[in-house]
Each structure stands twice: as structure tokens, then as C-alpha cells.
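Here is the file model-v5.csv (CSV, C-alpha atoms).
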chain,number,residue,atom,x,y,z
A,102,MET,CA,96.7,101.6,84.2
A,103,ASP,CA,94.0,101.7,86.7
A,104,PRO,CA,93.4,98.3,87.9
A,105,ARG,CA,91.2,99.4,90.6
A,106,HIS,CA,88.6,96.9,91.5
A,107,GLU,CA,85.0,97.9,91.0
A,108,ILE,CA,83.1,96.5,93.8
A,109,PRO,CA,80.2,98.9,94.0
A,110,ARG,CA,80.6,101.1,97.0
A,111,ARG,CA,78.0,103.4,98.3
A,112,ALA,CA,79.0,107.0,98.2
A,113,ALA,CA,80.3,108.4,101.5
A,114,GLY,CA,77.9,110.2,103.6
A,115,PHE,CA,75.0,108.1,102.4
A,116,SER,CA,72.8,107.5,105.3
A,117,GLY,CA,72.4,109.5,108.4
A,118,GLY,CA,70.5,106.9,110.3
A,119,SER,CA,72.5,103.8,109.9
A,120,VAL,CA,72.2,100.8,112.0
A,121,ALA,CA,75.2,101.0,114.3
A,122,GLU,CA,76.9,104.3,114.5
A,123,SER,CA,80.1,104.5,116.5
A,124,PRO,CA,80.6,107.3,119.0
A,125,ALA,CA,83.6,108.5,117.0
A,126,ALA,CA,81.4,108.8,113.9
A,127,ALA,CA,78.8,110.7,115.8
A,128,GLN,CA,81.4,113.1,117.0
A,129,SER,CA,82.7,113.8,113.6
A,130,ARG,CA,79.3,115.0,112.4
A,131,ARG,CA,79.5,118.7,111.8
A,132,ARG,CA,78.3,120.1,108.6
A,133,LYS,CA,77.5,116.9,106.9
A,134,ALA,CA,76.7,113.4,107.8
A,135,PRO,CA,79.8,111.3,108.4
A,136,PRO,CA,80.6,108.3,106.2
A,137,ARG,CA,78.5,105.4,107.1
A,138,PRO,CA,80.3,103.0,109.3
A,139,ALA,CA,80.3,99.4,108.4
A,140,ASP,CA,77.1,97.5,109.1
A,141,TYR,CA,78.8,94.2,109.6
A,142,LYS,CA,82.2,92.9,110.4
A,143,LEU,CA,83.0,89.4,109.4
A,144,GLN,CA,86.0,87.2,109.7
A,145,VAL,CA,86.8,84.9,106.8
A,146,ILE,CA,89.7,82.5,106.7
A,147,ILE,CA,91.2,80.8,103.7
A,148,ILE,CA,92.7,77.4,104.3
A,149,GLY,CA,94.1,74.6,102.1
A,150,SER,CA,97.3,72.8,101.3
A,151,ARG,CA,100.5,74.5,100.2
A,152,GLY,CA,100.5,75.9,96.7
A,153,VAL,CA,96.8,75.7,96.0
A,154,GLY,CA,96.6,79.5,95.5
A,155,LYS,CA,95.1,80.8,98.8
A,156,THR,CA,97.0,84.1,98.7
A,157,SER,CA,96.2,84.6,95.0
A,158,LEU,CA,92.5,84.2,95.8
A,159,MET,CA,92.7,86.8,98.5
A,160,GLU,CA,94.5,89.2,96.3
A,161,ARG,CA,92.3,88.5,93.3
A,162,PHE,CA,89.2,89.1,95.3
A,163,THR,CA,89.4,92.9,95.1
A,164,ASP,CA,92.0,93.6,92.6
A,165,ASP,CA,93.0,93.1,89.1
A,166,THR,CA,96.8,93.2,89.6
A,167,PHE,CA,97.5,89.5,89.7
A,168,CYS,CA,101.1,88.9,88.9
A,169,GLU,CA,102.6,85.5,88.7
A,170,ALA,CA,105.9,86.7,90.1
A,171,CYS,CA,104.5,88.6,93.1
A,172,LYS,CA,104.7,86.0,95.8
A,173,SER,CA,104.5,88.1,98.9
A,174,THR,CA,107.8,88.2,100.7
A,175,VAL,CA,106.9,90.6,103.4
A,176,GLY,CA,104.3,88.2,104.7
A,177,VAL,CA,100.8,89.6,104.9
A,178,ASP,CA,99.0,88.7,108.0
A,179,PHE,CA,95.5,89.7,107.2
A,180,LYS,CA,93.5,92.2,105.3
A,181,ILE,CA,90.5,94.4,105.9
A,182,LYS,CA,88.3,94.6,102.8
A,183,THR,CA,85.0,96.3,102.4
A,184,VAL,CA,82.2,95.0,100.2
A,185,GLU,CA,78.6,96.2,99.7
A,186,LEU,CA,75.9,93.6,99.5
A,187,ARG,CA,72.1,93.9,100.0
A,188,GLY,CA,72.6,97.6,100.8
A,189,LYS,CA,74.9,96.7,103.7
A,190,LYS,CA,78.4,97.7,104.1
A,191,ILE,CA,80.5,94.8,105.2
A,192,ARG,CA,84.0,94.8,106.5
A,193,LEU,CA,85.7,91.5,106.0
A,194,GLN,CA,88.8,90.6,107.9
A,195,ILE,CA,90.4,88.0,105.7
A,196,TRP,CA,93.1,85.7,107.0
A,197,ASP,CA,95.2,83.9,104.5
A,198,THR,CA,96.9,81.0,106.2
A,199,ALA,CA,99.6,80.6,103.7
A,200,GLY,CA,102.8,79.4,105.2
A,201,GLN,CA,100.9,77.6,107.9
A,202,GLU,CA,99.8,74.7,105.8
A,203,ARG,CA,100.7,72.0,108.2
A,204,PHE,CA,97.3,71.3,109.7
A,205,ASN,CA,98.4,71.6,113.2
A,206,SER,CA,100.2,74.9,112.8
A,207,ILE,CA,97.1,77.0,112.4
A,208,THR,CA,96.0,78.0,115.8
A,209,SER,CA,92.5,77.3,116.8
A,210,ALA,CA,91.9,81.0,117.2
A,211,TYR,CA,91.8,81.4,113.4
A,212,TYR,CA,88.9,79.0,113.2
A,213,ARG,CA,87.0,80.1,116.3
A,214,GLY,CA,85.9,83.5,115.1
A,215,ALA,CA,85.5,82.7,111.5
A,216,LYS,CA,82.0,83.2,110.0
A,217,GLY,CA,83.2,82.0,106.6
A,218,ILE,CA,85.8,79.4,105.8
A,219,VAL,CA,87.1,79.0,102.3
A,220,ILE,CA,88.8,75.7,101.7
A,221,VAL,CA,91.0,75.6,98.6
A,222,TYR,CA,92.5,72.8,96.7
A,223,ASP,CA,94.2,72.6,93.3
A,224,ILE,CA,92.3,70.8,90.6
A,225,THR,CA,95.6,69.7,89.1
A,226,LYS,CA,97.0,68.2,92.3
A,227,GLN,CA,95.5,65.0,93.7
A,228,GLU,CA,97.1,65.4,97.1
A,229,THR,CA,95.6,68.8,97.8
A,230,PHE,CA,92.2,67.2,97.3
A,231,GLU,CA,93.1,64.2,99.4
A,232,ASP,CA,94.0,66.6,102.2
A,233,LEU,CA,90.4,67.9,102.4
A,234,PRO,CA,89.2,65.5,105.0
A,235,LYS,CA,92.0,66.6,107.3
A,236,TRP,CA,91.0,70.2,106.9
A,237,MET,CA,87.5,69.2,107.6
A,238,LYS,CA,88.6,67.6,110.8
A,239,MET,CA,90.1,70.9,111.9
A,240,ILE,CA,87.0,72.7,111.0
A,241,ASP,CA,84.9,70.3,112.9
A,242,LYS,CA,87.1,70.6,115.9
A,243,TYR,CA,87.6,74.3,116.1
A,244,ALA,CA,85.2,76.3,113.9
A,245,SER,CA,81.8,77.5,114.9
A,246,GLU,CA,79.1,75.2,113.7
A,247,ASP,CA,77.3,77.9,111.8
A,248,ALA,CA,80.4,79.0,109.9
A,249,GLU,CA,79.7,79.0,106.2
A,250,LEU,CA,81.9,76.6,104.2
A,251,LEU,CA,83.0,77.1,100.7
A,252,LEU,CA,85.1,74.5,98.8
A,253,VAL,CA,87.1,76.1,96.0
A,254,GLY,CA,88.8,74.1,93.3
A,255,ASN,CA,91.4,76.6,92.1
A,256,LYS,CA,93.6,76.8,89.0
A,257,LEU,CA,90.8,76.3,86.6
A,258,ASP,CA,93.1,78.0,84.1
A,259,CYS,CA,95.1,74.7,84.1
A,260,GLU,CA,92.2,72.7,82.8
A,261,THR,CA,94.5,70.5,80.6
A,262,ASP,CA,96.3,69.3,83.7
A,263,ARG,CA,93.1,68.6,85.6
A,264,ILE,CA,93.2,65.6,87.9
A,265,ILE,CA,90.2,66.2,90.1
A,266,SER,CA,86.9,66.2,88.3
A,267,ARG,CA,84.2,68.6,89.1
A,268,GLN,CA,81.9,65.7,90.0
A,269,GLN,CA,84.4,64.3,92.4
A,270,ALA,CA,84.5,67.6,94.3
A,271,GLU,CA,80.8,68.0,94.1
A,272,ARG,CA,80.4,64.6,95.7
A,273,PHE,CA,82.8,65.6,98.5
A,274,ALA,CA,81.0,68.8,99.1
A,275,SER,CA,77.5,67.2,99.1
A,276,ARG,CA,78.5,65.0,102.0
A,277,ILE,CA,79.1,68.0,104.2
A,278,SER,CA,76.0,69.8,105.1
A,279,GLY,CA,75.9,73.4,104.0
A,280,MET,CA,79.1,73.3,102.0
A,281,ARG,CA,79.1,75.1,98.8
A,282,PHE,CA,81.4,74.2,96.0
A,283,CYS,CA,82.8,76.0,93.0
A,284,GLU,CA,85.8,76.1,90.8
A,285,ALA,CA,87.8,79.3,90.2
A,286,SER,CA,90.9,80.6,88.7
A,287,ALA,CA,92.7,83.3,90.6
A,288,LYS,CA,95.0,83.7,87.6
A,289,ASP,CA,92.2,84.4,85.1
A,290,ASN,CA,90.1,86.0,87.7
A,291,PHE,CA,87.3,83.5,87.0
A,292,ASN,CA,84.7,83.2,89.7
A,293,VAL,CA,86.9,84.9,92.4
A,294,ASP,CA,84.7,87.9,93.3
A,295,GLU,CA,81.7,85.7,93.0
A,296,ILE,CA,82.8,83.2,95.5
A,297,PHE,CA,83.6,85.7,98.1
A,298,LEU,CA,80.4,87.6,97.6
A,299,LYS,CA,78.4,84.4,97.6
A,300,LEU,CA,80.0,83.4,100.9
A,301,VAL,CA,79.2,86.8,102.4
A,302,ASP,CA,75.7,86.6,101.1
A,303,ASP,CA,75.3,83.2,102.7
A,304,ILE,CA,76.6,84.5,106.0
A,305,LEU,CA,74.3,87.5,105.9
A,306,SER,CA,71.3,85.2,105.2
A,307,LYS,CA,72.0,83.6,108.6
A,308,MET,CA,72.3,86.8,110.4
A,309,PRO,CA,69.5,87.8,112.6
A,310,LEU,CA,68.5,91.3,111.6
A,311,GLU,CA,68.9,92.7,115.0
A,312,VAL,CA,72.4,91.6,115.4
A,313,THR,CA,74.4,94.8,116.0
A,314,ASN,CA,77.8,95.8,114.9
A,315,LYS,CA,79.0,95.6,118.5
A,316,ASP,CA,77.9,92.0,119.1
A,317,LEU,CA,79.6,90.9,115.9
A,318,SER,CA,82.8,92.6,116.6
A,319,ASN,CA,83.3,90.2,119.5
A,320,SER,CA,84.0,87.5,117.1
A,321,ILE,CA,86.9,89.3,115.6
A,322,LEU,CA,90.4,88.3,116.3
A,323,SER,CA,92.5,90.8,118.0
A,324,LEU,CA,96.0,91.7,116.9
A,325,GLN,CA,97.4,90.5,120.1
A,326,PRO,CA,99.8,87.6,119.5
A,327,GLU,CA,98.1,84.4,120.0
A,328,PRO,CA,99.6,81.9,122.4
A,329,GLU,CA,101.2,79.5,120.0
A,330,VAL,CA,99.5,76.4,121.1
A,331,PRO,CA,99.3,74.1,118.1
A,332,PRO,CA,96.0,72.3,118.1
A,333,GLU,CA,96.3,68.6,118.4
A,334,LEU,CA,95.6,66.5,115.3
A,335,PRO,CA,92.6,64.3,115.7
A,336,PRO,CA,93.4,60.7,116.0
A,337,PRO,CA,93.7,59.0,112.6
A,338,ARG,CA,90.9,56.6,113.3
A,339,LEU,CA,88.4,59.5,112.9
A,340,ARG,CA,89.3,59.9,109.3
A,341,CYS,CA,86.4,59.2,107.1
A,342,CYS,CA,88.1,58.2,103.9
B,38,MET,CA,96.8,119.3,119.4
B,39,ASP,CA,95.4,122.8,118.8
B,40,ASN,CA,94.4,123.1,115.2
B,41,GLU,CA,94.8,126.9,115.3
B,42,ASP,CA,98.5,126.6,116.0
B,43,ARG,CA,99.2,124.2,113.2
B,44,SER,CA,101.4,126.1,110.8
B,45,ALA,CA,100.8,124.1,107.7
B,46,PRO,CA,104.1,123.2,106.1
B,47,SER,CA,102.5,123.4,102.7
B,48,ASP,CA,99.4,124.7,101.2
B,49,ASP,CA,98.2,121.3,100.2
B,50,ARG,CA,98.2,120.2,103.8
B,51,SER,CA,95.4,122.6,104.6
B,52,ALA,CA,93.5,121.2,101.6
B,53,LEU,CA,93.9,117.7,103.1
B,54,VAL,CA,93.1,118.4,106.7
B,55,SER,CA,89.6,119.7,107.5
B,56,GLU,CA,88.8,122.2,110.2
B,57,ASP,CA,88.2,119.5,112.8
B,58,GLY,CA,91.6,117.9,112.0
B,59,LYS,CA,90.2,115.0,109.9
B,60,ASN,CA,91.0,113.9,106.4
B,61,ALA,CA,89.0,116.1,104.0
B,62,LYS,CA,89.5,113.7,101.2
B,63,SER,CA,89.5,110.0,100.6
B,64,VAL,CA,92.8,108.3,101.2
B,65,LEU,CA,93.9,106.1,98.3
B,66,CYS,CA,96.7,103.8,97.4
B,67,GLN,CA,99.2,105.6,95.3
B,68,ARG,CA,99.7,102.8,92.9
B,69,CYS,CA,96.3,101.2,92.4
B,70,GLY,CA,93.8,103.6,93.8
B,71,SER,CA,92.4,101.2,96.3
B,72,LYS,CA,90.4,103.1,98.9
B,73,VAL,CA,92.1,103.0,102.3
B,74,LEU,CA,89.9,105.5,104.2
B,75,CYS,CA,86.7,107.4,103.5
B,76,PRO,CA,86.8,111.2,104.1
B,77,GLY,CA,86.4,112.3,107.7
B,78,MET,CA,87.3,109.0,109.2
B,79,ALA,CA,90.9,109.7,110.4
B,80,GLN,CA,92.5,112.3,112.6
B,81,PHE,CA,95.6,114.2,111.5
B,82,ALA,CA,98.4,113.3,113.9
B,83,GLU,CA,102.1,114.2,114.1
B,84,LYS,CA,104.4,111.5,115.3
B,85,GLU,CA,107.8,110.5,114.2
B,86,LEU,CA,107.7,107.1,112.7
B,87,PHE,CA,110.2,105.2,110.6
B,88,LEU,CA,108.7,103.5,107.6
B,89,PRO,CA,110.9,101.2,105.4
B,90,SER,CA,111.2,102.3,101.8
B,91,MET,CA,108.3,101.4,99.5
B,92,ARG,CA,110.7,100.4,96.8
B,93,LYS,CA,112.4,97.4,98.4
B,94,LYS,CA,109.7,95.1,99.4
B,95,THR,CA,112.0,92.7,101.1
B,96,SER,CA,113.7,95.2,103.3
B,97,ILE,CA,111.2,94.9,106.1
B,98,SER,CA,112.0,91.3,106.8
B,99,GLU,CA,115.8,91.7,106.7
B,100,PRO,CA,116.9,91.0,110.2
B,101,GLY,CA,118.7,94.0,111.7
B,102,GLY,CA,121.0,95.7,109.2
B,103,THR,CA,120.5,99.1,107.8
B,104,MET,CA,117.1,99.5,106.5
B,105,GLU,CA,116.3,102.0,103.9
B,106,GLY,CA,113.3,104.2,104.7
B,107,ASP,CA,112.0,107.5,105.9
B,108,THR,CA,111.1,109.0,109.2
B,109,LEU,CA,107.7,110.5,108.6
B,110,THR,CA,105.8,112.7,110.9
B,111,ALA,CA,102.4,113.5,109.2
B,112,HIS,CA,99.9,110.7,109.6
B,113,TRP,CA,96.3,109.9,109.5
B,114,LEU,CA,95.4,108.2,112.8
B,115,VAL,CA,92.4,105.9,113.4
B,116,ASP,CA,91.7,104.0,116.6
B,117,ASP,CA,89.9,101.0,115.1
B,118,MET,CA,91.2,98.8,112.2
B,119,TYR,CA,87.6,98.5,111.0
B,120,THR,CA,87.6,102.2,110.2
B,121,PHE,CA,89.6,101.3,107.1
B,122,GLU,CA,87.9,100.6,103.9
B,123,ASN,CA,90.7,98.4,102.7
B,124,VAL,CA,94.1,97.8,104.2
B,125,GLY,CA,96.5,95.0,104.7
B,126,PHE,CA,98.6,94.2,107.8
B,127,THR,CA,102.0,92.6,107.6
B,128,LYS,CA,103.1,89.9,109.9
B,129,ASP,CA,104.8,91.2,113.1
B,130,VAL,CA,108.1,92.9,112.7
B,131,GLY,CA,109.1,93.1,116.3
B,132,LYS,CA,106.2,94.8,117.9
B,133,VAL,CA,105.2,96.5,114.8
B,134,LYS,CA,102.8,95.6,112.0
B,135,TYR,CA,103.1,97.7,108.8
B,136,LEU,CA,100.1,98.7,106.9
B,137,ILE,CA,100.0,98.0,103.2
B,138,CYS,CA,97.6,98.4,100.4
B,139,ALA,CA,95.1,95.6,100.6
B,140,ASP,CA,94.9,95.3,96.9
B,141,CYS,CA,98.3,95.7,95.3
B,142,GLU,CA,100.2,95.2,98.6
B,143,ILE,CA,102.4,98.2,98.0
B,144,GLY,CA,103.8,99.5,101.3
B,145,PRO,CA,104.5,100.2,104.0
B,146,ILE,CA,101.9,103.0,103.9
B,147,GLY,CA,101.4,102.9,107.7
B,148,TRP,CA,102.4,101.7,111.1
B,149,HIS,CA,100.8,100.0,114.0
B,150,CYS,CA,102.4,99.0,117.3
B,151,LEU,CA,101.0,96.0,119.1
B,152,ASP,CA,101.5,97.9,122.3
B,153,ASP,CA,98.9,100.4,121.4
B,154,LYS,CA,95.8,98.6,120.2
B,155,LYS,CA,94.0,101.9,119.4
B,156,SER,CA,96.5,103.5,117.1
B,157,PHE,CA,96.8,102.9,113.4
B,158,TYR,CA,98.9,105.4,111.4
B,159,VAL,CA,98.9,106.0,107.7
B,160,ALA,CA,101.6,108.3,106.4
B,161,LEU,CA,100.3,111.2,104.3
B,162,GLU,CA,103.3,111.0,102.1
B,163,ARG,CA,102.7,107.4,101.2
B,164,VAL,CA,99.1,107.7,99.9
B,165,HIS,CA,97.1,109.8,97.5
B,166,HIS,CA,94.2,112.0,98.4
B,167,ALA,CA,91.2,112.5,96.2

Produce C-alpha cells that represent the structure in this file.
Amino acid sequence: MDPRHEIPRRAAGFSGGSVAESPAAAQSRRRKAPPRPADYKLQVIIIGSRGVGKTSLMERFTDDTFCEACKSTVGVDFKIKTVELRGKKIRLQIWDTAGQERFNSITSAYYRGAKGIVIVYDITKQETFEDLPKWMKMIDKYASEDAELLLVGNKLDCETDRIISRQQAERFASRISGMRFCEASAKDNFNVDEIFLKLVDDILSKMPLEVTNKDLSNSILSLQPEPEVPPELPPPRLRCC
Amino acid sequence: MDNEDRSAPSDDRSALVSEDGKNAKSVLCQRCGSKVLCPGMAQFAEKELFLPSMRKKTSISEPGGTMEGDTLTAHWLVDDMYTFENVGFTKDVGKVKYLICADCEIGPIGWHCLDDKKSFYVALERVHHA
């Protein structure tokens, strides 16, 4: 009855002298040290064609309440999630682009600030794999060059219907420098936590130690409505396969 | 504003709000226990806000019409969304984004208006404290 996810979290009030303490946190110190503020803030986006399971992956990441019927009707815009890794407390701002699967309907702002990009396809659906080069074009065009890329073949629970072999996807990933690949099942919760933590770990590896909380927060999307300027699709001749 | 004047409507209110007006306990999702706020991270604030019912998930998106819900006045207020441990934001409903549990997506548990970038409210009645 308690499906609470067990990402290890450091107890509140852990460290007095943490890296970047906000003024608010400093003010709140009275009898005891305030909860440690996050050390890092990272933006992660999840992209991929319709129906590949992007939202399920986002939900699965920190919870065990996957339900096949619970397709979100309200429309979740993004989530703040906290993970602990390497003794650091990291706040992830996770954007699920579900409902915006037409490549040109995701605004460039989503890509721009992303430190991590999860590209999802469905191992049982050829077309979702064939769409990958188009997603890559968008990443090339809009995302920061040092954004970590993770290719995820989802729906591993549907192994019997598999169309895309692991090798095929590995080959695709190997052609793109720095792209990691794995398969997962949001339904069975296979590999889901791992892929996100791996992604965050890769991002942290690239972080200069002296980068402060404040600097990083500049890369975070604000809640202000983005001007809806759909990015142009790159001309077809650029397609690589 | 003045904590001295706050006549606690219930005894448990004083157990939840610390001397300096902050949340004495962790703020958790009522359904799945996901941690929304660490102790001491939010300010107690009173503001009349209408939150659609937690029962009918679809009611938020219904255009116009009568919406079931409650007008709630006791909230935890934070000025930065990164203060939250875990929280989800719905898509815009007018100028409002509702806050939901990041894990099980129950909600709305809170309220944010796009006009005030520094105010994020979580209704005390819609969360657990521990």
C-alpha cells in the first residue's frame, strides 16, 4: 500500500556548510540547520514519437504506481524531482513532451536549456525507430552541444512483438558521439530508475566542480509562456538515412 | 502576518506551523507519500484559493461550467519551484498551473499563478504532514 519510491534521500538538516545556500535558507536557520538546498538543478527532456511511453517513463522514474489505465488527462507540464547522487542533491526539472510529438511542435526552448535528453522509441514499432534521425536533427539544431543523450528502447515487456533488435539500436547510438543506449520497460519498471540516474551521473561528470547553483539555474526554463514559434524542420536533404 | 495573532483554528495547526511560521514537518502526498517539501522550507500563508476537487481528475480541464472543488485558505508558500523535493505542474489553466503529486499525480494539491512567479501554494488540507 505504500508504493513510495525509495531513492535514497539524505536526511534533512544534513550539512551546515553546503555548496550553495540560498538567502532564504540562511534566514530560516534558527535552532537547527535548515534542510540542505539542492546542489544542482538540471533540466531533462523526454522526446520521442507518439505512444512510445515517454510519460510512463517519467512516472516510473520515481514511483511504483504505474497503471495501464492512467493516461493523464489533466496534462502534466513538467515535474520537479529530487535525486541524490555522489552525495549531491540534484533537482531535476523533467519535461515530458507528450502530445507534442510532431517534431516541429516542440519549441526550441525545450531543447535549449536541457542538460539531458532522453530519446524514446518503441521496440515493437518500426516507425518510432525510423523517426529517430528526425529527432536527432532537432537536437542538432536546438540543443546544447554538451547535452547528454540517452536513447531508450521502451516496451521491453513486449519482447514477443519486438521489431527493432538491440543491435540495430546499438548501431544507431554508436554513430552519435556520446549517445548512450539502453532498453527499458516502464510497465515492468525495468531499467527505468537506472537510466535516469545514469543520465544524471553522466551530466554530473561533465560539470566543473566550481559551477554554482546560481549559474546552473540560468539554464532552467521559466514558467512564462513561450512564444509559440514552431521551429522549422530542417530541409529533407540533410537526412542521413 | 504576525504569528502572535494567529488564532490557530485547530490544535494540529500549531503542531504543523513552527514558531517562525514555517512547516515544522515534511509535506507528503496523501496517497503515495511522495515528499513534496522538507521541513522548514515553506512559509505558512493564508490566501483564499479555489482548488478543483481531487476526486475528479478531469474536472480541471472542463471548459467553464461548474467545477467541483474547495476554497482553501491555509497554504504552504514557497517562492522558488526548486524548493520542492518533488512536485508536478499541470499545463496552464487560464493563468494558473495546478500543483500535483510528482509521483502519483493526485491533485490538485496546490496553486501557482503565472502572474506571480514567486508564489507557489500547497494547500495544507490536501497533503499529509509527517

For chain B, which residue among A:Leu298, A:Leu193, A:Cys283, A:Ala248 is the nearest when counting all atoms listed in the file? A:Leu193

For a test of reading the model, state the distance in Å between atom CA of Thr229 of chain A and atom CA of Ser150 of chain A, rounded to one decimal. 5.6 Å

Long-range neighbours of His112 of chain B as a PyMOL selection string, 9 Å cut-off, all atoms listed in the file, 5 positions minimum in chain: chain B and resi 80-84+147+158-162

Among listed residues B:Val130, B:Leu109, B:Cys69, B:Leu114, nearest chain A (using all atoms listed in the file): B:Cys69

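Put simply, atom CA of Lys256 of chain A is 28.8 Å away from atom CA of Ser306 of chain A.
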
Near Trp148 of chain B, within 8 Å and counting only C-alpha atoms, which residues show up once chain neighbours fewer than 6 positions away are dropped, as a PDB file with C-alpha atoms, keeping the file's coordinate frame?
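The file below, part-v7.pdb, is the result:
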ATOM      1  CA  LEU B  86     107.700 107.100 112.700  1.00  0.00           C
ATOM      2  CA  LEU B  88     108.700 103.500 107.600  1.00  0.00           C
ATOM      3  CA  VAL B 133     105.200  96.500 114.800  1.00  0.00           C
ATOM      4  CA  LYS B 134     102.800  95.600 112.000  1.00  0.00           C
ATOM      5  CA  TYR B 135     103.100  97.700 108.800  1.00  0.00           C
ATOM      6  CA  LEU B 136     100.100  98.700 106.900  1.00  0.00           C
ATOM      7  CA  PHE B 157      96.800 102.900 113.400  1.00  0.00           C
ATOM      8  CA  TYR B 158      98.900 105.400 111.400  1.00  0.00           C
ATOM      9  CA  VAL B 159      98.900 106.000 107.700  1.00  0.00           C
TER      10      VAL B 159
END

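Within 7 Å of chain A, chain B contributes the residues Cys69, Gly70, Ser71, Cys75, Gly77, Lys94, Thr95, Ile97, Ser98, Tyr119, Glu122, Asn123, Val124, Gly125, Phe126, Thr127, Lys128, Ala139, Asp140, Cys141 and Leu151 of chain B, using all atoms listed in the file.
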
Residues within 8 Å of segment 72-74 of chain B, please, as an NGL selection string. Count only C-alpha atoms; anything in the same chain fewer than 6 positions from it doesn't count. :B and (63-66 or 120-124 or 138)

Mind writing the picked residues with C-alpha atoms as a short mmCIF file (atom, residue, chain, number, x, y, z; two decimals), in the coordinates of the input?
data_model
loop_
_atom_site.label_atom_id
_atom_site.label_comp_id
_atom_site.auth_asym_id
_atom_site.auth_seq_id
_atom_site.Cartn_x
_atom_site.Cartn_y
_atom_site.Cartn_z
CA SER B 63 89.50 110.00 100.60
CA VAL B 64 92.80 108.30 101.20
CA LEU B 65 93.90 106.10 98.30
CA CYS B 66 96.70 103.80 97.40
CA THR B 120 87.60 102.20 110.20
CA PHE B 121 89.60 101.30 107.10
CA GLU B 122 87.90 100.60 103.90
CA ASN B 123 90.70 98.40 102.70
CA VAL B 124 94.10 97.80 104.20
CA CYS B 138 97.60 98.40 100.40
#

So, counting all atoms listed in the file, which residue among A:Val145, A:Leu300, A:Ile264, A:Leu257 is closest to Ala244 of chain A? A:Val145

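The gap separating atom CA of Ser90 of chain B from atom CA of Ile143 of chain B is 10.4 Å, in Å to one decimal.
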
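Counting all atoms listed in the file, the residue from A:Asp289, A:Asp232, A:Asp258, A:Asp197 that sits nearest to Lys155 of chain A is A:Asp197.
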
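Comparing A:Leu233, A:Val301, A:Ile146, A:Leu250 by their smallest distance to Ser209 of chain A, the closest is A:Ile146 (using all atoms listed in the file).
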
Nearest residue to Val54 of chain B from the set B:Met91, B:Val164, B:Ile137, B:Ala79 (distances using all atoms listed in the file): B:Ala79

When you look at Lys155 of chain B with a cut-off of 8 Å (counting only C-alpha atoms), what residues show up, excluding the ones that are within fewer than 3 positions of it in the same chain? I need them as an NGL selection string. :B and (115-117)

Please identify all polymer residues within 7 Å of Phe282 of chain A, counting all atoms listed in the file, omitting same-chain residues fewer than 5 positions from it, and present them as a ChimeraX atom specification. /A:251-253,271,274

Residues of the last selection are to be written out with C-alpha atoms, as an mmCIF file, in the coordinates of the input.
data_model
loop_
_atom_site.group_PDB
_atom_site.id
_atom_site.type_symbol
_atom_site.label_atom_id
_atom_site.label_comp_id
_atom_site.auth_asym_id
_atom_site.auth_seq_id
_atom_site.Cartn_x
_atom_site.Cartn_y
_atom_site.Cartn_z
ATOM 1 C CA LEU A 251 83.000 77.100 100.700
ATOM 2 C CA LEU A 252 85.100 74.500 98.800
ATOM 3 C CA VAL A 253 87.100 76.100 96.000
ATOM 4 C CA GLU A 271 80.800 68.000 94.100
ATOM 5 C CA ALA A 274 81.000 68.800 99.100
#
